[in-house]
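Everything below belongs to target_23.pdb, which stores PDB, C-alpha atoms.
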```
ATOM      1  CA  MET Y   1       0.000   0.000   0.000
ATOM      2  CA  ASN Y   2       1.583   3.292  -1.065
ATOM      3  CA  VAL Y   3       1.179   6.751   0.413
ATOM      4  CA  HIS Y   4      -1.661   7.741  -1.920
ATOM      5  CA  ASP Y   5      -3.804   4.734  -0.947
ATOM      6  CA  THR Y   6      -3.152   5.160   2.764
ATOM      7  CA  LEU Y   7      -4.087   8.836   2.616
ATOM      8  CA  PHE Y   8      -7.202   8.020   0.596
ATOM      9  CA  TRP Y   9      -8.466   5.556   3.218
ATOM     10  CA  PHE Y  10      -7.595   7.913   6.065
ATOM     11  CA  PHE Y  11      -9.315  10.949   4.506
ATOM     12  CA  SER Y  12     -12.436   9.088   3.367
ATOM     13  CA  ILE Y  13     -13.052   7.167   6.586
ATOM     14  CA  ALA Y  14     -12.423  10.270   8.694
ATOM     15  CA  MET Y  15     -14.705  12.291   6.406
ATOM     16  CA  LEU Y  16     -17.571   9.801   6.643
ATOM     17  CA  LEU Y  17     -17.207   9.669  10.434
ATOM     18  CA  CYS Y  18     -17.393  13.476  10.509
ATOM     19  CA  GLY Y  19     -20.536  13.278   8.349
ATOM     20  CA  LEU Y  20     -22.058  10.917  10.895
ATOM     21  CA  GLY Y  21     -21.051  13.378  13.610
ATOM     22  CA  VAL Y  22     -22.820  16.227  11.787
ATOM     23  CA  ILE Y  23     -26.162  14.451  11.674
ATOM     24  CA  ALA Y  24     -25.890  12.753  15.084
ATOM     25  CA  SER Y  25     -24.837  15.685  17.305
ATOM     26  CA  ARG Y  26     -27.542  17.152  19.508
ATOM     27  CA  ASN Y  27     -25.892  20.544  19.709
ATOM     28  CA  PRO Y  28     -25.796  22.489  16.395
ATOM     29  CA  VAL Y  29     -22.404  23.965  17.336
ATOM     30  CA  ASN Y  30     -20.917  20.455  17.444
ATOM     31  CA  SER Y  31     -22.520  19.722  14.081
ATOM     32  CA  ALA Y  32     -20.899  22.833  12.626
ATOM     33  CA  MET Y  33     -17.485  21.847  14.011
ATOM     34  CA  PHE Y  34     -17.784  18.360  12.515
ATOM     35  CA  LEU Y  35     -18.744  19.990   9.212
ATOM     36  CA  VAL Y  36     -15.584  22.144   9.266
ATOM     37  CA  LEU Y  37     -13.490  19.001   9.809
ATOM     38  CA  LEU Y  38     -15.390  17.307   6.985
ATOM     39  CA  PHE Y  39     -14.518  20.174   4.639
ATOM     40  CA  PHE Y  40     -10.834  19.845   5.553
ATOM     41  CA  PHE Y  41     -10.815  16.114   4.818
ATOM     42  CA  MET Y  42     -12.655  16.798   1.565
ATOM     43  CA  ALA Y  43      -9.920  19.287   0.649
ATOM     44  CA  GLY Y  44      -7.413  16.508   1.337
ATOM     45  CA  LEU Y  45      -9.239  14.224  -1.091
ATOM     46  CA  PHE Y  46      -9.198  17.045  -3.664
ATOM     47  CA  VAL Y  47      -5.410  17.267  -3.279
ATOM     48  CA  LEU Y  48      -5.150  13.499  -3.834
ATOM     49  CA  LEU Y  49      -7.165  14.021  -7.033
ATOM     50  CA  GLU Y  50      -4.714  16.757  -8.091
ATOM     51  CA  ALA Y  51      -7.375  19.466  -7.855
ATOM     52  CA  PHE Y  52      -5.127  21.882  -5.987
ATOM     53  CA  PHE Y  53      -7.036  25.062  -6.808
ATOM     54  CA  LEU Y  54     -10.344  23.537  -5.685
ATOM     55  CA  ALA Y  55      -8.740  22.299  -2.464
ATOM     56  CA  ALA Y  56      -7.685  25.869  -1.677
ATOM     57  CA  ILE Y  57     -11.133  27.210  -2.598
ATOM     58  CA  GLN Y  58     -12.771  24.504  -0.488
ATOM     59  CA  ILE Y  59     -10.911  25.667   2.606
ATOM     60  CA  LEU Y  60     -11.197  29.410   1.883
ATOM     61  CA  VAL Y  61     -14.870  29.507   0.904
ATOM     62  CA  TYR Y  62     -16.433  26.563   2.720
ATOM     63  CA  ALA Y  63     -14.404  26.135   5.887
ATOM     64  CA  GLY Y  64     -13.761  29.883   6.039
ATOM     65  CA  ALA Y  65     -16.711  31.931   4.848
ATOM     66  CA  VAL Y  66     -19.665  29.532   4.873
ATOM     67  CA  MET Y  67     -18.968  27.941   8.238
ATOM     68  CA  VAL Y  68     -18.310  31.302   9.892
ATOM     69  CA  LEU Y  69     -21.735  32.359   8.622
ATOM     70  CA  PHE Y  70     -23.266  29.164  10.034
ATOM     71  CA  LEU Y  71     -21.623  29.602  13.433
ATOM     72  CA  PHE Y  72     -22.584  33.276  13.474
ATOM     73  CA  VAL Y  73     -26.254  32.416  12.922
ATOM     74  CA  ILE Y  74     -26.159  29.584  15.479
ATOM     75  CA  MET Y  75     -24.755  31.979  18.067
ATOM     76  CA  LEU Y  76     -27.181  34.728  17.036
ATOM     77  CA  LEU Y  77     -30.241  32.528  17.487
ATOM     78  CA  ASP Y  78     -30.145  31.314  21.039
ATOM     79  CA  ILE Y  79     -31.500  27.811  20.445
ATOM     80  CA  LYS Y  80     -30.866  26.090  23.719
ATOM     81  CA  ALA Y  81     -34.481  24.992  24.040
ATOM     82  CA  SER Y  82     -34.501  22.921  20.888
ATOM     83  CA  GLU Y  83     -31.249  21.086  21.460
ATOM     84  CA  ARG Y  84     -32.610  19.016  24.319
ATOM     85  CA  ARG Y  85     -35.568  17.782  22.307
ATOM     86  CA  LYS Y  86     -35.736  14.044  21.576
ATOM     87  CA  PHE Y  87     -35.181  12.738  18.093
ATOM     88  CA  HIS Y  88     -38.290  11.854  16.108
ATOM     89  CA  ALA Y  89     -38.241   8.026  15.953
ATOM     90  CA  LEU Y  90     -40.207   7.808  12.709
ATOM     91  CA  ALA Y  91     -38.104  10.497  11.019
ATOM     92  CA  VAL Y  92     -34.841   8.808  12.051
ATOM     93  CA  LEU Y  93     -36.132   5.466  10.791
ATOM     94  CA  GLY Y  94     -37.257   7.033   7.515
ATOM     95  CA  GLY Y  95     -34.010   8.934   7.061
ATOM     96  CA  PHE Y  96     -31.771   5.927   7.540
ATOM     97  CA  GLY Y  97     -34.173   3.771   5.507
ATOM     98  CA  VAL Y  98     -33.831   6.089   2.520
ATOM     99  CA  ALA Y  99     -30.057   6.315   3.032
ATOM    100  CA  GLY Y 100     -29.814   2.511   3.229
ATOM    101  CA  ALA Y 101     -31.858   2.119   0.046
ATOM    102  CA  PHE Y 102     -29.551   4.615  -1.648
ATOM    103  CA  ALA Y 103     -26.456   2.726  -0.486
ATOM    104  CA  TRP Y 104     -27.974  -0.548  -1.745
ATOM    105  CA  GLU Y 105     -28.586   1.040  -5.137
ATOM    106  CA  LEU Y 106     -24.993   2.291  -5.128
ATOM    107  CA  ARG Y 107     -23.751  -1.255  -4.491
ATOM    108  CA  ILE Y 108     -25.580  -2.471  -7.596
ATOM    109  CA  ILE Y 109     -24.431   0.437  -9.790
ATOM    110  CA  LEU Y 110     -20.776   0.290  -8.695
ATOM    111  CA  SER Y 111     -20.433  -3.504  -8.795
ATOM    112  CA  LYS Y 112     -18.696  -3.087 -12.169
ATOM    113  CA  PRO Y 113     -15.931  -0.512 -12.709
ATOM    114  CA  VAL Y 114     -17.121   2.643 -14.450
ATOM    115  CA  PRO Y 115     -15.609   2.682 -17.967
ATOM    116  CA  PRO Y 116     -13.389   5.707 -18.704
ATOM    117  CA  LEU Y 117     -14.179   8.072 -21.553
ATOM    118  CA  ALA Y 118     -11.934   7.889 -24.595
ATOM    119  CA  THR Y 119     -10.038  11.103 -23.984
ATOM    120  CA  SER Y 120      -6.361  11.866 -24.011
ATOM    121  CA  GLY Y 121      -6.090  15.267 -22.381
ATOM    122  CA  GLU Y 122      -3.518  16.147 -19.784
ATOM    123  CA  PHE Y 123      -3.868  18.679 -17.028
ATOM    124  CA  HIS Y 124      -3.082  19.273 -13.392
ATOM    125  CA  GLY Y 125      -5.780  21.050 -11.436
ATOM    126  CA  GLY Y 126      -3.716  24.117 -10.749
ATOM    127  CA  LEU Y 127      -5.064  27.656 -10.890
ATOM    128  CA  LYS Y 128      -4.269  28.161 -14.581
ATOM    129  CA  ASP Y 129      -5.888  24.922 -15.781
ATOM    130  CA  VAL Y 130      -9.161  25.460 -13.938
ATOM    131  CA  VAL Y 131      -9.530  29.196 -14.466
ATOM    132  CA  ALA Y 132      -8.629  29.385 -18.172
ATOM    133  CA  PRO Y 133     -11.937  27.732 -19.312
ATOM    134  CA  LEU Y 134     -13.852  30.331 -17.258
ATOM    135  CA  PHE Y 135     -12.783  32.999 -19.745
ATOM    136  CA  ALA Y 136     -13.248  30.851 -22.829
ATOM    137  CA  ASN Y 137     -15.938  28.150 -22.992
ATOM    138  CA  TYR Y 138     -17.647  29.078 -19.734
ATOM    139  CA  MET Y 139     -17.772  32.850 -20.150
ATOM    140  CA  LEU Y 140     -21.575  33.133 -20.028
ATOM    141  CA  PRO Y 141     -22.107  30.885 -16.967
ATOM    142  CA  PHE Y 142     -19.333  32.812 -15.231
ATOM    143  CA  GLU Y 143     -21.082  36.151 -15.820
ATOM    144  CA  VAL Y 144     -24.441  34.676 -14.789
ATOM    145  CA  THR Y 145     -22.845  33.459 -11.546
ATOM    146  CA  ALA Y 146     -21.662  37.000 -10.866
ATOM    147  CA  LEU Y 147     -25.219  38.259 -11.407
ATOM    148  CA  LEU Y 148     -26.548  35.524  -9.112
ATOM    149  CA  LEU Y 149     -24.201  36.600  -6.331
ATOM    150  CA  LEU Y 150     -25.425  40.182  -6.715
ATOM    151  CA  VAL Y 151     -29.054  39.005  -6.528
ATOM    152  CA  ALA Y 152     -28.194  36.972  -3.416
ATOM    153  CA  ILE Y 153     -26.648  40.011  -1.727
ATOM    154  CA  ILE Y 154     -29.694  42.172  -2.454
ATOM    155  CA  GLY Y 155     -32.025  39.366  -1.359
ATOM    156  CA  VAL Y 156     -30.241  38.929   1.950
ATOM    157  CA  VAL Y 157     -30.340  42.674   2.654
ATOM    158  CA  LEU Y 158     -34.078  42.731   1.907
ATOM    159  CA  LEU Y 159     -34.782  39.605   3.991
ATOM    160  CA  SER Y 160     -32.983  40.953   7.010
ATOM    161  CA  LYS Y 161     -34.941  44.203   7.092
ATOM    162  CA  ARG Y 162     -37.106  44.330  10.150
ATOM    163  CA  ASP Y 163     -40.351  45.380   8.478
ATOM    164  CA  LEU Y 164     -40.870  44.218   4.920
ATOM    165  CA  LYS Y 165     -43.027  46.723   3.117
TER     166      LYS Y 165
ATOM    167  CA  MET L   1      -4.644   0.812  -6.259
ATOM    168  CA  ILE L   2      -7.378   3.383  -5.758
ATOM    169  CA  ALA L   3      -9.722   3.503  -8.762
ATOM    170  CA  LEU L   4     -12.579   5.799  -9.746
ATOM    171  CA  ASN L   5     -15.053   3.441  -8.062
ATOM    172  CA  HIS L   6     -13.514   4.020  -4.640
ATOM    173  CA  TYR L   7     -14.074   7.760  -4.917
ATOM    174  CA  LEU L   8     -17.630   7.221  -6.194
ATOM    175  CA  TRP L   9     -18.302   4.977  -3.191
ATOM    176  CA  VAL L  10     -17.128   7.649  -0.760
ATOM    177  CA  SER L  11     -19.137  10.281  -2.604
ATOM    178  CA  GLY L  12     -22.276   8.129  -2.624
ATOM    179  CA  LEU L  13     -22.002   7.240   1.050
ATOM    180  CA  LEU L  14     -21.553  10.913   1.970
ATOM    181  CA  PHE L  15     -24.630  11.729  -0.113
ATOM    182  CA  ALA L  16     -26.602   8.991   1.699
ATOM    183  CA  LEU L  17     -25.535  10.467   5.052
ATOM    184  CA  GLY L  18     -26.701  13.874   3.850
ATOM    185  CA  ILE L  19     -30.104  12.501   2.852
ATOM    186  CA  ALA L  20     -30.441  10.773   6.234
ATOM    187  CA  GLY L  21     -29.623  14.046   7.970
ATOM    188  CA  VAL L  22     -32.132  16.064   5.936
ATOM    189  CA  ILE L  23     -34.939  13.610   6.684
ATOM    190  CA  ALA L  24     -34.106  12.666  10.266
ATOM    191  CA  ARG L  25     -33.218  16.013  11.829
ATOM    192  CA  ARG L  26     -35.779  18.631  12.895
ATOM    193  CA  ASN L  27     -33.457  21.583  13.365
ATOM    194  CA  ALA L  28     -33.483  23.795  10.263
ATOM    195  CA  LEU L  29     -29.793  24.724  10.705
ATOM    196  CA  VAL L  30     -28.683  21.085  10.864
ATOM    197  CA  ILE L  31     -30.830  20.327   7.817
ATOM    198  CA  TYR L  32     -28.902  23.056   6.013
ATOM    199  CA  MET L  33     -25.594  21.511   7.055
ATOM    200  CA  ALA L  34     -26.728  18.116   5.753
ATOM    201  CA  LEU L  35     -27.613  19.799   2.449
ATOM    202  CA  GLU L  36     -24.084  21.200   2.302
ATOM    203  CA  MET L  37     -22.801  17.639   2.757
ATOM    204  CA  ASN L  38     -24.896  16.563  -0.242
ATOM    205  CA  LEU L  39     -23.401  19.330  -2.387
ATOM    206  CA  ASN L  40     -19.906  18.312  -1.304
ATOM    207  CA  ALA L  41     -20.585  14.680  -2.187
ATOM    208  CA  ALA L  42     -21.552  15.766  -5.705
ATOM    209  CA  ASN L  43     -18.382  17.894  -5.878
ATOM    210  CA  LEU L  44     -16.229  14.906  -4.960
ATOM    211  CA  ALA L  45     -17.839  12.765  -7.680
ATOM    212  CA  LEU L  46     -17.281  15.510 -10.273
ATOM    213  CA  VAL L  47     -13.632  16.006  -9.333
ATOM    214  CA  ALA L  48     -13.015  12.244  -9.376
ATOM    215  CA  PHE L  49     -14.578  11.907 -12.832
ATOM    216  CA  SER L  50     -12.528  14.883 -13.985
ATOM    217  CA  LYS L  51      -9.274  13.286 -12.804
ATOM    218  CA  TYR L  52      -9.883   9.799 -14.176
ATOM    219  CA  ASN L  53     -11.266  11.007 -17.539
ATOM    220  CA  LYS L  54      -8.615  13.716 -17.856
ATOM    221  CA  ILE L  55     -11.135  16.482 -18.627
ATOM    222  CA  VAL L  56     -10.895  19.783 -16.771
ATOM    223  CA  ASP L  57     -14.617  20.611 -17.165
ATOM    224  CA  GLY L  58     -15.609  18.701 -14.026
ATOM    225  CA  GLN L  59     -13.453  20.984 -11.917
ATOM    226  CA  VAL L  60     -14.959  24.070 -13.570
ATOM    227  CA  PHE L  61     -18.427  22.776 -12.635
ATOM    228  CA  VAL L  62     -17.268  22.324  -9.047
ATOM    229  CA  PHE L  63     -16.038  25.932  -9.061
ATOM    230  CA  PHE L  64     -19.544  27.070 -10.075
ATOM    231  CA  ILE L  65     -21.189  24.788  -7.504
ATOM    232  CA  ILE L  66     -19.056  26.263  -4.720
ATOM    233  CA  ALA L  67     -19.944  29.828  -5.782
ATOM    234  CA  ILE L  68     -23.653  29.027  -5.946
ATOM    235  CA  ALA L  69     -23.582  27.104  -2.652
ATOM    236  CA  ALA L  70     -22.115  30.167  -0.950
ATOM    237  CA  ALA L  71     -24.948  32.350  -2.292
ATOM    238  CA  GLU L  72     -27.504  29.719  -1.311
ATOM    239  CA  VAL L  73     -26.197  29.511   2.244
ATOM    240  CA  ALA L  74     -26.364  33.292   2.627
ATOM    241  CA  VAL L  75     -29.986  33.449   1.451
ATOM    242  CA  GLY L  76     -31.012  30.324   3.394
ATOM    243  CA  LEU L  77     -29.558  31.548   6.653
ATOM    244  CA  ALA L  78     -31.225  34.944   6.155
ATOM    245  CA  ILE L  79     -34.544  33.109   5.728
ATOM    246  CA  ILE L  80     -33.906  31.096   8.903
ATOM    247  CA  VAL L  81     -33.091  34.286  10.832
ATOM    248  CA  ALA L  82     -36.252  35.980   9.533
ATOM    249  CA  LEU L  83     -38.268  32.894  10.469
ATOM    250  CA  PHE L  84     -36.765  32.794  13.945
ATOM    251  CA  ARG L  85     -37.588  36.463  14.461
ATOM    252  CA  ARG L  86     -41.238  35.787  13.707
ATOM    253  CA  LYS L  87     -41.787  32.312  15.240
ATOM    254  CA  GLN L  88     -39.023  32.101  17.884
ATOM    255  CA  THR L  89     -38.088  28.589  16.732
ATOM    256  CA  VAL L  90     -35.962  26.798  14.139
ATOM    257  CA  ASN L  91     -37.698  23.460  14.645
ATOM    258  CA  VAL L  92     -39.337  22.526  11.350
ATOM    259  CA  ASP L  93     -42.117  20.607  13.159
ATOM    260  CA  GLU L  94     -43.463  23.881  14.503
ATOM    261  CA  LEU L  95     -43.396  25.718  11.173
ATOM    262  CA  THR L  96     -46.816  24.630   9.949
ATOM    263  CA  THR L  97     -48.156  27.891   8.526
ATOM    264  CA  MET L  98     -48.306  26.508   5.017
ATOM    265  CA  ARG L  99     -49.923  23.217   6.019
ATOM    266  CA  LEU L 100     -53.425  22.756   4.622
TER     267      LEU L 100
END
```

Written form, structure tokens:
Amino acid sequence: MNVHDTLFWFFSIAMLLCGLGVIASRNPVNSAMFLVLLFFFMAGLFVLLEAFFLAAIQILVYAGAVMVLFLFVIMLLDIKASERRKFHALAVLGGFGVAGAFAWELRIILSKPVPPLATSGEFHGGLKDVVAPLFANYMLPFEVTALLLLVAIIGVVLLSKRDLK
Amino acid sequence: MIALNHYLWVSGLLFALGIAGVIARRNALVIYMALEMNLNAANLALVAFSKYNKIVDGQVFVFFIIAIAAAEVAVGLAIIVALFRRKQTVNVDELTTMRL
């Protein structure tokens, strides 16, 4: 077993355990902390897949910006009353039933190796490789994403006004 | 040797955990976190396909998904805050205004 394989097993098992921690913790703050760890392990998997730019973005945007927003809202809303509430037995059963059915389906689909496409490109997921298509083939989606972010900003400002008129 | 299937397994299992979280939990914030896990599972599958098929497009899609997920989280959390201000709860069982 070489270094790549060992790291793969470490990152994936740790990541799935963190995922379990996110959905099993009673306290939302613990869930958020598990989610931050999950994002770090996911960034590790991205590095193994040679997606270096995305690994950096994963940590900067997800573990940095998004999770700070989550923690900020959790702290802002004082939700001590709801954390002691019991889990809904039927909902838990349903949730893990659906997840189990999904995993079963996955076992059938992935029983054979997925055939690779007949391509012969070569790239390493550095900044230049990933960003160059944004200004060529993906120009329009890139601009639309910028517009979407603007709409999101305006929407958030409107939503957080105290009296919507 | 780690093949594409290994990565797809991890991605699928993470997605299954996300689904379980969305259905089983009652706290709107934790449901949002489980949704983020689902998005990340899809990202992992796209990056793995991109690596093993040697096409950069998968990573460009992931770039867009991350940008849109950030916008979605901002709007979603603003909705949760507005909801909390009005109802004093984030438990989805108690948000029954739209129930017939």

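Using all atoms listed in the file, one finds that the residues of chain Y close to chain L, at 6 Å or less, are Ile23, Ala91, Val92, Gly95, Phe96, Ala99, Pro116, Leu117, Gly121, Glu122, Val130, Leu149, Ala152 and Val156 of chain Y.
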
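Selection by the PyMOL selection byres ((chain Y and resi 12) around 9) on the present file picks out Leu7, Phe8, Trp9, Phe10, Phe11, Ile13, Ala14, Met15, Leu16, Leu17, Phe41, Met42 and Leu45 of chain Y; Tyr7 and Val10 of chain L.
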
For this session: May I ask for the distance between atom CA of Y:Asp78 and atom CA of L:Leu95, given in Å to one decimal place?
Result: 17.4 Å

Exercise. The PyMOL selection byres ((chain Y and resi 63) around 12) on the file shown: which residues, as a ChimeraX atom specification?
Worked result: /Y:32-43,55-62,64-71 /L:36,40,66,70

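Take atom CA of L:Lys87 and atom CA of Y:Leu158: the distance between them is 18.6 Å.
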
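Note that atom CA of Y:Phe123 and atom CA of L:Ala45 are 17.8 Å apart.
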
Output as AutoDock Vina command-line options the centre and edge lengths (Å, one decimal) of the box along x, y and z of the file that holds every listed atom of stretch 75-81 of chain L after adding 8 Å on each side.
```
--center_x -32.1 --center_y 32.6 --center_z 6.1 --size_x 21.0 --size_y 20.6 --size_z 25.4
```

Problem set entry | Resolved residues for the PyMOL selection byres ((chain Y and resi 125) around 7) as a VMD selection string | chain Y and resid 50 to 53 123 to 124 126 to 127 129 to 130
